[in-house]
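Have a look at query_34.tsv; it's TSV, C-alpha atoms and all ligand atoms:
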```tsv
chain	number	residue	atom	x	y	z
V	9	MET	CA	32.22	-18.40	55.89
V	10	ASN	CA	30.48	-21.48	57.04
V	11	TRP	CA	28.40	-24.26	55.67
V	12	LEU	CA	25.27	-22.11	55.64
V	13	THR	CA	26.70	-19.23	53.59
V	14	ASN	CA	28.99	-21.26	51.34
V	15	PHE	CA	26.74	-24.12	50.53
V	16	VAL	CA	23.13	-23.66	51.54
V	17	ARG	CA	22.72	-20.06	50.38
V	18	PRO	CA	24.04	-20.59	46.80
V	19	LYS	CA	21.87	-23.68	46.49
V	20	LEU	CA	18.84	-21.73	47.62
V	21	ARG	CA	19.67	-18.85	45.29
V	22	ALA	CA	20.05	-21.24	42.39
V	23	LEU	CA	16.63	-22.65	43.15
V	24	VAL	CA	15.06	-19.20	43.28
V	25	THR	CA	16.78	-17.85	40.16
V	26	ARG	CA	15.77	-20.91	38.23
V	27	LYS	CA	12.19	-20.05	39.03
V	28	GLU	CA	12.75	-16.44	38.04
V	29	ALA	CA	14.11	-17.39	34.63
V	30	PRO	CA	11.44	-16.72	32.02
V	31	GLU	CA	9.50	-19.87	31.41
V	32	ASN	CA	8.64	-18.87	27.88
V	33	LEU	CA	12.11	-19.11	26.35
V	34	TRP	CA	11.11	-22.35	24.66
V	35	LEU	CA	7.93	-23.69	23.22
V	36	LYS	CA	6.84	-27.02	21.89
V	37	CYS	CA	5.61	-27.37	18.33
V	38	PRO	CA	2.04	-28.72	18.61
V	39	LYS	CA	2.55	-30.82	15.49
V	40	CYS	CA	5.96	-32.50	15.74
V	41	GLU	CA	6.46	-31.81	19.47
V	42	GLN	CA	10.03	-30.63	18.96
V	43	MET	CA	11.25	-27.85	21.24
V	44	LEU	CA	11.69	-24.48	19.58
V	45	PHE	CA	13.76	-21.60	20.91
V	46	MET	CA	11.35	-18.68	21.16
V	47	ARG	CA	13.61	-16.11	19.51
V	48	ASP	CA	14.40	-18.38	16.54
V	49	TRP	CA	10.73	-19.25	16.19
V	50	GLU	CA	9.76	-15.56	16.11
V	51	ALA	CA	12.50	-14.81	13.58
V	52	ASN	CA	11.08	-17.68	11.50
V	53	GLN	CA	7.65	-15.94	11.46
V	54	GLU	CA	6.25	-18.49	13.93
V	55	VAL	CA	6.77	-21.41	11.58
V	56	CYS	CA	8.27	-24.59	13.09
V	57	ALA	CA	11.84	-25.00	11.81
V	58	HIS	CA	11.56	-28.81	12.11
V	59	CYS	CA	8.29	-29.69	10.41
V	60	GLY	CA	7.19	-26.40	8.80
V	61	HIS	CA	3.99	-26.19	10.86
V	62	HIS	CA	2.47	-22.69	10.57
V	63	MET	CA	1.30	-21.50	13.96
V	64	ARG	CA	-1.28	-18.76	14.37
V	65	ILE	CA	0.51	-15.43	14.18
V	66	ARG	CA	-1.01	-12.16	15.38
V	67	PRO	CA	-1.46	-9.37	12.79
V	68	LEU	CA	0.95	-6.88	14.34
V	69	LYS	CA	3.75	-9.45	14.09
V	70	ARG	CA	2.86	-10.29	10.51
V	71	LEU	CA	2.64	-6.73	9.19
V	72	PRO	CA	6.34	-5.71	9.20
V	73	ARG	CA	7.11	-8.76	7.00
V	74	LEU	CA	4.65	-7.68	4.34
V	75	PHE	CA	5.55	-4.11	3.54
V	76	ASP	CA	8.70	-2.66	1.96
V	77	GLU	CA	11.32	-2.15	4.69
V	78	GLY	CA	8.63	-2.97	7.22
V	79	LYS	CA	7.07	0.48	6.82
V	80	PHE	CA	3.31	0.81	7.15
V	81	GLU	CA	0.60	3.01	8.58
V	82	LEU	CA	-2.10	1.67	10.91
V	83	HIS	CA	-5.66	2.94	10.49
V	84	ALA	CA	-7.91	3.10	13.55
V	85	LEU	CA	-11.24	1.31	13.19
V	86	PRO	CA	-14.32	3.55	12.94
V	87	LYS	CA	-16.13	4.04	16.25
V	88	VAL	CA	-19.17	1.82	16.72
V	89	THR	CA	-21.77	1.36	19.44
V	90	VAL	CA	-20.20	-0.88	22.04
V	91	ASP	CA	-22.32	-3.78	23.24
V	92	PRO	CA	-25.56	-2.73	21.51
V	93	LEU	CA	-27.57	-5.62	23.00
V	94	LYS	CA	-26.15	-5.28	26.54
V	95	PHE	CA	-25.29	-8.94	26.21
V	96	ARG	CA	-24.22	-11.07	29.09
V	97	ASP	CA	-23.28	-14.74	29.24
V	98	LEU	CA	-20.88	-15.87	31.97
V	99	LYS	CA	-19.36	-12.40	31.72
V	100	ARG	CA	-20.61	-9.10	30.39
V	101	TYR	CA	-19.74	-8.56	26.72
V	102	ASP	CA	-18.20	-5.12	27.36
V	103	ALA	CA	-15.95	-6.71	30.03
V	104	ARG	CA	-14.88	-9.41	27.54
V	105	LEU	CA	-14.11	-6.71	24.98
V	106	LYS	CA	-11.98	-4.73	27.44
V	107	GLU	CA	-10.09	-7.88	28.41
V	108	ALA	CA	-9.36	-8.70	24.75
V	109	GLN	CA	-8.29	-5.10	24.08
V	110	GLY	CA	-5.90	-5.26	27.03
V	111	LYS	CA	-4.18	-8.31	25.52
V	112	SER	CA	-3.96	-6.87	22.00
V	113	ASP	CA	-1.49	-3.95	22.09
V	114	GLY	CA	-4.30	-1.44	21.96
V	115	SER	CA	-6.32	-2.83	19.04
V	116	ALA	CA	-9.98	-1.89	19.40
V	117	ASP	CA	-11.34	-5.11	17.89
V	118	ALA	CA	-10.48	-8.25	15.93
V	119	LEU	CA	-9.41	-6.40	12.77
V	120	ILE	CA	-6.23	-4.49	11.96
V	121	VAL	CA	-6.17	-2.24	8.90
V	122	ALA	CA	-2.84	-1.05	7.54
V	123	SER	CA	-1.51	0.51	4.36
V	124	GLY	CA	1.95	0.99	2.97
V	125	PRO	CA	4.28	0.28	0.08
V	126	MET	CA	4.47	-3.31	-1.10
V	127	GLY	CA	6.80	-3.88	-4.00
V	128	GLY	CA	6.88	-0.10	-4.56
V	129	ARG	CA	3.11	0.23	-4.81
V	130	VAL	CA	0.61	1.17	-2.11
V	131	ALA	CA	-1.48	-1.71	-0.79
V	132	VAL	CA	-4.26	-1.77	1.80
V	133	VAL	CA	-4.15	-4.81	4.07
V	134	ALA	CA	-6.86	-5.88	6.53
V	135	LEU	CA	-6.06	-8.71	8.93
V	136	LEU	CA	-8.38	-10.55	11.24
V	137	ASP	CA	-6.92	-11.34	14.65
V	138	PHE	CA	-7.82	-14.81	15.92
V	139	GLY	CA	-6.27	-13.87	19.26
V	140	PHE	CA	-9.01	-11.26	19.75
V	141	MET	CA	-12.18	-13.17	20.72
V	142	GLY	CA	-11.51	-15.83	18.11
V	143	GLY	CA	-11.36	-13.30	15.27
V	144	SER	CA	-15.14	-13.08	15.47
V	145	MET	CA	-16.90	-10.60	13.21
V	146	GLY	CA	-19.09	-8.00	14.88
V	147	THR	CA	-20.02	-4.44	13.91
V	148	ALA	CA	-16.50	-3.10	14.45
V	149	VAL	CA	-14.93	-5.68	12.13
V	150	GLY	CA	-17.62	-5.02	9.50
V	151	GLU	CA	-17.10	-1.26	9.71
V	152	GLY	CA	-13.35	-1.77	9.56
V	153	LEU	CA	-13.63	-3.79	6.36
V	154	VAL	CA	-15.87	-1.17	4.76
V	155	MET	CA	-13.26	1.44	5.72
V	156	ALA	CA	-10.44	-0.68	4.26
V	157	ALA	CA	-12.38	-1.08	0.99
V	158	ASP	CA	-13.04	2.68	0.78
V	159	LEU	CA	-9.38	3.34	1.49
V	160	ALA	CA	-8.31	0.97	-1.30
V	161	VAL	CA	-10.66	2.67	-3.76
V	162	ALA	CA	-9.54	6.19	-2.72
V	163	ARG	CA	-5.88	5.26	-3.10
V	164	LYS	CA	-6.41	3.10	-6.21
V	165	ALA	CA	-4.70	0.32	-4.28
V	166	PRO	CA	-5.29	-3.42	-4.12
V	167	LEU	CA	-7.10	-4.74	-1.05
V	168	ILE	CA	-5.50	-7.75	0.62
V	169	VAL	CA	-7.37	-9.51	3.42
V	170	PHE	CA	-5.87	-12.06	5.83
V	171	SER	CA	-8.68	-14.10	7.30
V	172	ALA	CA	-8.58	-15.96	10.65
V	173	SER	CA	-11.91	-16.34	12.34
V	174	GLY	CA	-14.32	-18.59	14.16
V	175	GLY	CA	-17.23	-16.76	12.51
V	176	ALA	CA	-19.81	-14.20	13.57
V	177	ARG	CA	-19.68	-12.63	17.05
V	178	MET	CA	-22.51	-14.22	18.97
V	179	GLN	CA	-22.66	-11.43	21.54
V	180	GLU	CA	-23.90	-9.05	18.84
V	181	GLY	CA	-26.65	-11.36	17.57
V	182	ILE	CA	-28.30	-10.31	14.32
V	183	LEU	CA	-26.03	-7.25	14.06
V	184	SER	CA	-23.04	-9.51	13.53
V	185	LEU	CA	-24.89	-11.48	10.85
V	186	MET	CA	-25.61	-8.21	9.05
V	187	GLN	CA	-21.86	-7.81	8.55
V	188	LEU	CA	-21.93	-10.68	6.05
V	189	THR	CA	-23.83	-8.51	3.59
V	190	ARG	CA	-21.99	-5.30	4.50
V	191	THR	CA	-18.56	-6.83	3.90
V	192	THR	CA	-19.79	-8.40	0.66
V	193	ILE	CA	-20.86	-4.97	-0.56
V	194	ALA	CA	-17.52	-3.51	0.55
V	195	VAL	CA	-15.66	-6.11	-1.54
V	196	ARG	CA	-17.90	-5.33	-4.48
V	197	LYS	CA	-16.89	-1.66	-4.31
V	198	VAL	CA	-13.23	-2.64	-4.71
V	199	LYS	CA	-14.04	-4.88	-7.67
V	200	ALA	CA	-16.26	-2.22	-9.29
V	201	ALA	CA	-13.28	0.15	-9.16
V	202	GLY	CA	-11.26	-2.45	-11.11
V	203	LEU	CA	-8.88	-3.09	-8.24
V	204	PRO	CA	-7.59	-6.50	-7.17
V	205	TYR	CA	-9.05	-8.11	-4.07
V	206	ILE	CA	-6.85	-10.91	-2.74
V	207	VAL	CA	-7.62	-13.14	0.23
V	208	VAL	CA	-5.03	-15.01	2.25
V	209	LEU	CA	-6.81	-17.73	4.19
V	210	THR	CA	-5.04	-18.59	7.42
V	211	ASP	CA	-5.76	-21.06	10.20
V	212	PRO	CA	-8.68	-21.12	10.98
V	213	THR	CA	-11.14	-19.47	8.60
V	214	THR	CA	-14.62	-20.68	9.43
V	215	GLY	CA	-18.24	-19.65	9.94
V	216	GLY	CA	-19.67	-16.31	8.79
V	217	VAL	CA	-16.31	-14.99	7.62
V	218	SER	CA	-15.85	-17.92	5.21
V	219	ALA	CA	-19.47	-17.34	4.14
V	220	SER	CA	-18.77	-13.73	3.13
V	221	PHE	CA	-15.70	-11.68	2.25
V	222	ALA	CA	-13.13	-14.45	2.81
V	223	MET	CA	-14.41	-16.47	-0.13
V	224	LEU	CA	-14.96	-13.62	-2.59
V	225	GLY	CA	-11.37	-12.92	-3.61
V	226	ASP	CA	-10.17	-12.58	-7.18
V	227	VAL	CA	-7.43	-14.89	-5.98
V	228	HIS	CA	-7.40	-17.12	-2.90
V	229	ILE	CA	-4.12	-18.03	-1.29
V	230	ALA	CA	-4.02	-20.32	1.74
V	231	GLU	CA	-1.29	-20.94	4.29
V	232	PRO	CA	-0.29	-24.63	4.55
V	233	ASP	CA	-2.52	-26.96	6.59
V	234	ALA	CA	-5.00	-24.24	7.60
V	235	ILE	CA	-8.55	-25.22	8.52
V	236	ILE	CA	-10.91	-23.53	6.06
V	237	GLY	CA	-14.62	-24.27	6.01
V	238	PHE	CA	-18.06	-23.14	7.08
V	239	ALA	CA	-19.40	-25.67	9.61
V	240	GLY	CA	-17.05	-27.75	11.74
V	241	ALA	CA	-16.03	-31.20	10.51
V	242	ARG	CA	-17.67	-32.96	13.48
V	243	VAL	CA	-21.02	-31.24	12.85
V	244	ILE	CA	-20.92	-32.26	9.18
V	245	GLN	CA	-19.95	-35.83	10.02
V	246	ASP	CA	-22.78	-36.15	12.54
V	247	THR	CA	-25.28	-34.68	10.08
V	248	ILE	CA	-24.46	-36.73	6.99
V	249	ARG	CA	-23.38	-39.77	9.03
V	250	GLN	CA	-20.47	-40.49	6.77
V	251	GLU	CA	-16.76	-40.68	7.36
V	252	LEU	CA	-15.12	-37.51	6.03
V	253	PRO	CA	-12.14	-37.87	3.68
V	254	ALA	CA	-8.61	-37.42	5.01
V	255	GLY	CA	-7.45	-33.80	5.03
V	256	PHE	CA	-11.04	-32.51	4.83
V	257	GLN	CA	-11.27	-28.70	5.19
V	258	ARG	CA	-7.49	-28.29	5.02
V	259	SER	CA	-5.72	-25.95	2.57
V	260	GLU	CA	-4.18	-28.74	0.49
V	261	TYR	CA	-7.53	-30.56	0.17
V	262	LEU	CA	-9.23	-27.32	-0.91
V	263	LEU	CA	-6.49	-26.68	-3.47
V	264	GLU	CA	-7.02	-30.16	-4.91
V	265	HIS	CA	-10.76	-29.48	-5.15
V	266	GLY	CA	-10.46	-26.04	-6.72
V	267	MET	CA	-11.55	-23.94	-3.74
V	268	VAL	CA	-8.23	-22.13	-3.36
V	269	ASP	CA	-5.75	-21.08	-6.04
V	270	ALA	CA	-2.48	-21.67	-4.24
V	271	VAL	CA	-1.04	-22.88	-0.95
V	272	VAL	CA	1.88	-20.62	-0.11
V	273	HIS	CA	4.47	-20.87	2.66
V	274	ARG	CA	4.44	-17.86	5.02
V	275	HIS	CA	7.99	-16.95	3.99
V	276	LYS	CA	6.90	-16.66	0.36
V	277	LEU	CA	3.70	-14.66	0.96
V	278	ARG	CA	5.10	-11.18	0.44
V	279	GLU	CA	6.78	-11.97	-2.89
V	280	THR	CA	3.69	-13.92	-4.05
V	281	LEU	CA	1.39	-10.99	-3.24
V	282	ILE	CA	3.68	-8.51	-4.99
V	283	ARG	CA	3.82	-10.73	-8.09
V	284	LEU	CA	0.07	-11.23	-8.13
V	285	VAL	CA	-0.75	-7.55	-7.75
V	286	SER	CA	1.72	-6.72	-10.49
V	287	LEU	CA	0.12	-9.31	-12.82
V	288	LEU	CA	-3.32	-7.88	-12.11
V	289	MET	CA	-2.49	-4.17	-12.23
V	290	ASP	CA	0.53	-3.47	-14.42
V	291	PRO	CA	-0.03	-2.57	-18.05
V	292	VAL	CA	0.53	-5.54	-20.34
V	293	LEU	CA	3.91	-5.33	-22.04
V	294	SER	CA	5.25	-6.39	-25.46
V	295	GLU	CA	4.21	-9.94	-26.36
V	296	GLY	CA	1.39	-9.93	-23.81
V	297	ARG	CA	-0.28	-6.90	-25.40
V	298	GLY	CA	-1.70	-8.84	-28.35
V	299	LEU	CA	-3.40	-11.24	-25.97
V	300	ALA	CA	-4.93	-8.44	-23.91
V	301	VAL	CA	-6.41	-6.84	-27.01
V	302	ALA	CA	-7.75	-10.14	-28.26
V	303	VAL	CA	-9.47	-10.83	-24.93
V	304	ARG	CA	-11.13	-7.45	-24.91
Z	401	ZN	ZN	7.01	-28.86	14.24
```

Would you kindly transcribe this structure into structure tokens?
Ligand SMILES: [Zn+2]
Amino acid sequence: MNWLTNFVRPKLRALVTRKEAPENLWLKCPKCEQMLFMRDWEANQEVCAHCGHHMRIRPLKRLPRLFDEGKFELHALPKVTVDPLKFRDLKRYDARLKEAQGKSDGSADALIVASGPMGGRVAVVALLDFGFMGGSMGTAVGEGLVMAADLAVARKAPLIVFSASGGARMQEGILSLMQLTRTTIAVRKVKAAGLPYIVVLTDPTTGGVSASFAMLGDVHIAEPDAIIGFAGARVIQDTIRQELPAGFQRSEYLLEHGMVDAVVHRHKLRETLIRLVSLLMDPVLSEGRGLAVAVR
């Protein structure tokens, strides 16, 4: 009609709609700084298409890629006493927990336990969630791992753990440290039943988790360029007062030094796990049989 409706209004609308457009359609790769289209990046399992950088992926997004036809069953974590020490730092611990639960699609704590067919055979998978309070291990995570181990034994299934953690949960004090022994015993149950226990170390696996179940696998696989260690590099450097070697505490460095067995791209994880479990569990056939007898 006039200058206001024909010119000013569309301009204003354009300004407003631009703001309304979702800001998270694109993200920048923290390593190569290339822009990635969100949908492509998700389809690529959160691996940068330009430089292959593996970003931290949450368990519920990882799970459908592991099981046959994406079919799996989630197992609720056993109930534990919430906030046993009534701990408070800047915030109350129970408030922190609720906040983390609200951002985690209903997970109760930093561990997700699932089971389902993988390569035609049932597998139990437990995944730590770094997005939930830094994947820290408290009573709930410990109980969850014990449950996962019992489930694996009951179903005569391999136990596969994906680790991603900053360590023990400080808000639970000594109770969180007790989970180091509890999870170690849980792993031992799986091994005593003659079942494979495989660990996939993802970025970052540090502290109490790397000092317990995450380093006790029959086989250790690591995702590329993941930080894996106990104490942080800066703490070590300040203590020993020596320059640390390049790539220290990274997957490839640990592979070179015999701490992990393989560094595997996220896209190849499922087939690698299926192959490994088959090697460890299937009866030895034809030419291999002689070897198996000789070893026994
Ligand atoms: Zn990149």

Kindly work out which residues sit at most 7 Å from ligand ZN 401 (chain Z), using only C-alpha atoms and all ligand atoms, and give the list as a PyMOL selection string.
chain V and resi 37-42+56-61

Name all residues at most 6 Å from range 193-198 of chain V (count all atoms listed in the file; drop same-chain ones fewer than 2 positions away) and give them as a JSON list (two decimals) with C-alpha atoms, keeping the file's coordinate frame.
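The resulting file, part_36.json, is shown below:
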```json
[["chain", "number", "residue", "atom", "x", "y", "z"],
["V", 154, "VAL", "CA", -15.87, -1.17, 4.76],
["V", 157, "ALA", "CA", -12.38, -1.08, 0.99],
["V", 161, "VAL", "CA", -10.66, 2.67, -3.76],
["V", 190, "ARG", "CA", -21.99, -5.30, 4.50],
["V", 191, "THR", "CA", -18.56, -6.83, 3.90],
["V", 200, "ALA", "CA", -16.26, -2.22, -9.29],
["V", 201, "ALA", "CA", -13.28, 0.15, -9.16],
["V", 203, "LEU", "CA", -8.88, -3.09, -8.24]]
```

In file coordinates, which residues lie within 9 Å of (-16.6, -21.0, 12.3) using only C-alpha atoms, given as a list in words?
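Selection result: Ser144, Ser173, Gly174, Gly175, Ala176, Pro212, Thr213, Thr214, Gly215, Gly216, Val217, Ser218, Ile236, Gly237, Phe238, Ala239 and Gly240 of chain V.
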
Give me the residues within 10 Å of range 91-104 of chain V as a PyMOL selection string, counting only C-alpha atoms and dropping any in the same chain fewer than 4 places off.
chain V and resi 108-110+140-141+146-147+178-183

Quick one: pull the distance between CA of Asp211 in chain V and CA of Lys87 in chain V, Å, one decimal.
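Calculated distance between CA of Asp211 in chain V and CA of Lys87 in chain V is 27.8 Å.
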
What separates CA of Leu288 in chain V and CA of Val133 in chain V is a distance of 16.5 Å

For a test of reading the model, state the distance in Å between CA of Ile229 in chain V and CA of Ala270 in chain V, rounded to one decimal.
5.0 Å

Closest atom pairs, residues of range 53-156 of chain V within 10 Å of range 205-208 of chain V, all atoms listed in the file, as JSON lines:
```
{"residue": "V:Val132", "atom": "CA", "partner": "V:Tyr205", "partner_atom": "CA", "distance": 9.9}
{"residue": "V:Val133", "atom": "CA", "partner": "V:Ile206", "partner_atom": "CA", "distance": 9.5}
{"residue": "V:Ala134", "atom": "CA", "partner": "V:Val207", "partner_atom": "CA", "distance": 9.6}
{"residue": "V:Leu135", "atom": "CA", "partner": "V:Val208", "partner_atom": "CA", "distance": 9.2}
```

Considering all atoms listed in the file, can you say which of V:Asp290, V:Asp48, V:Glu151, V:Glu231 comes closest to Lys276 in chain V?
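When distances to Lys276 in chain V are compared using all atoms listed in the file, the smallest one comes from V:Glu231.
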
So which one's closest to Ala172 in chain V, V:Glu81, V:Asp117, V:Asp137, V:Asp76? Using only C-alpha atoms, please.
V:Asp137

Which one is closest to Lys111 in chain V: V:Ala254, V:Gly139, V:Pro166, V:Tyr261? Count all atoms listed in the file.
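Looking at the shortest contact to Lys111 in chain V, the residue is V:Gly139.
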
Shell around Glu50 in chain V at 12 Å using only C-alpha atoms, local window under 2 positions removed, as a count of residues only:
22

For Leu209 in chain V, which of V:Ala165, V:Val272, V:Ala160, V:Val285 is the closest residue, counting all atoms listed in the file?
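Under the stated criterion, the closest residue is V:Val272.
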
Calculated over only C-alpha atoms, which of the candidates V:Met289, V:Val271, V:Leu263, V:Leu252 has the smallest distance to Pro232 in chain V?
V:Val271

Please fill the gaps in range 206-230 of chain V so it has N, CA and C atoms, and write that as a short mmCIF file (atom, residue, chain, number, x, y, z; two decimals), in the coordinates of the input.
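File produced: part-v8.cif:
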```cif
data_model
loop_
_atom_site.label_atom_id
_atom_site.label_comp_id
_atom_site.auth_asym_id
_atom_site.auth_seq_id
_atom_site.Cartn_x
_atom_site.Cartn_y
_atom_site.Cartn_z
N ILE V 206 -7.52 -9.62 -2.97
CA ILE V 206 -6.85 -10.91 -2.74
C ILE V 206 -7.07 -11.35 -1.30
N VAL V 207 -7.41 -12.62 -1.13
CA VAL V 207 -7.62 -13.14 0.23
C VAL V 207 -6.54 -14.16 0.57
N VAL V 208 -5.96 -14.00 1.74
CA VAL V 208 -5.03 -15.01 2.25
C VAL V 208 -5.74 -15.72 3.40
N LEU V 209 -6.08 -16.97 3.18
CA LEU V 209 -6.81 -17.73 4.19
C LEU V 209 -5.81 -18.35 5.16
N THR V 210 -5.95 -18.02 6.43
CA THR V 210 -5.04 -18.59 7.42
C THR V 210 -5.84 -19.40 8.43
N ASP V 211 -5.12 -20.13 9.25
CA ASP V 211 -5.76 -21.06 10.20
C ASP V 211 -6.36 -20.30 11.38
N PRO V 212 -7.60 -20.48 11.73
CA PRO V 212 -8.68 -21.12 10.98
C PRO V 212 -9.58 -20.06 10.35
N THR V 213 -10.16 -20.38 9.21
CA THR V 213 -11.14 -19.47 8.60
C THR V 213 -12.45 -20.22 8.50
N THR V 214 -13.38 -19.90 9.39
CA THR V 214 -14.62 -20.68 9.43
C THR V 214 -15.84 -19.76 9.64
N GLY V 215 -17.00 -20.35 9.61
CA GLY V 215 -18.24 -19.65 9.94
C GLY V 215 -18.55 -18.49 9.01
N GLY V 216 -19.18 -17.46 9.57
CA GLY V 216 -19.67 -16.31 8.79
C GLY V 216 -18.61 -15.60 7.95
N VAL V 217 -17.37 -15.65 8.39
CA VAL V 217 -16.31 -14.99 7.62
C VAL V 217 -16.05 -15.77 6.33
N SER V 218 -16.04 -17.11 6.43
CA SER V 218 -15.85 -17.92 5.21
C SER V 218 -17.10 -17.87 4.34
N ALA V 219 -18.23 -17.44 4.93
CA ALA V 219 -19.47 -17.34 4.14
C ALA V 219 -19.65 -15.94 3.58
N SER V 220 -18.65 -15.08 3.72
CA SER V 220 -18.77 -13.73 3.13
C SER V 220 -17.45 -13.32 2.48
N PHE V 221 -16.83 -12.28 2.97
CA PHE V 221 -15.70 -11.68 2.25
C PHE V 221 -14.50 -12.60 2.06
N ALA V 222 -14.33 -13.61 2.93
CA ALA V 222 -13.13 -14.45 2.81
C ALA V 222 -13.16 -15.38 1.60
N MET V 223 -14.32 -15.57 1.02
CA MET V 223 -14.41 -16.47 -0.13
C MET V 223 -14.76 -15.73 -1.42
N LEU V 224 -14.58 -14.41 -1.42
CA LEU V 224 -14.96 -13.62 -2.59
C LEU V 224 -13.77 -13.02 -3.31
N GLY V 225 -12.56 -13.51 -3.01
CA GLY V 225 -11.37 -12.92 -3.61
C GLY V 225 -11.26 -13.19 -5.11
N ASP V 226 -10.52 -12.29 -5.78
CA ASP V 226 -10.17 -12.58 -7.18
C ASP V 226 -9.21 -13.76 -7.18
N VAL V 227 -8.37 -13.79 -6.15
CA VAL V 227 -7.43 -14.89 -5.98
C VAL V 227 -7.45 -15.30 -4.51
N HIS V 228 -7.45 -16.62 -4.27
CA HIS V 228 -7.40 -17.12 -2.90
C HIS V 228 -6.09 -17.85 -2.66
N ILE V 229 -5.35 -17.34 -1.68
CA ILE V 229 -4.12 -18.03 -1.29
C ILE V 229 -4.40 -18.61 0.09
N ALA V 230 -3.86 -19.78 0.39
CA ALA V 230 -4.02 -20.32 1.74
C ALA V 230 -2.65 -20.65 2.31
#
```
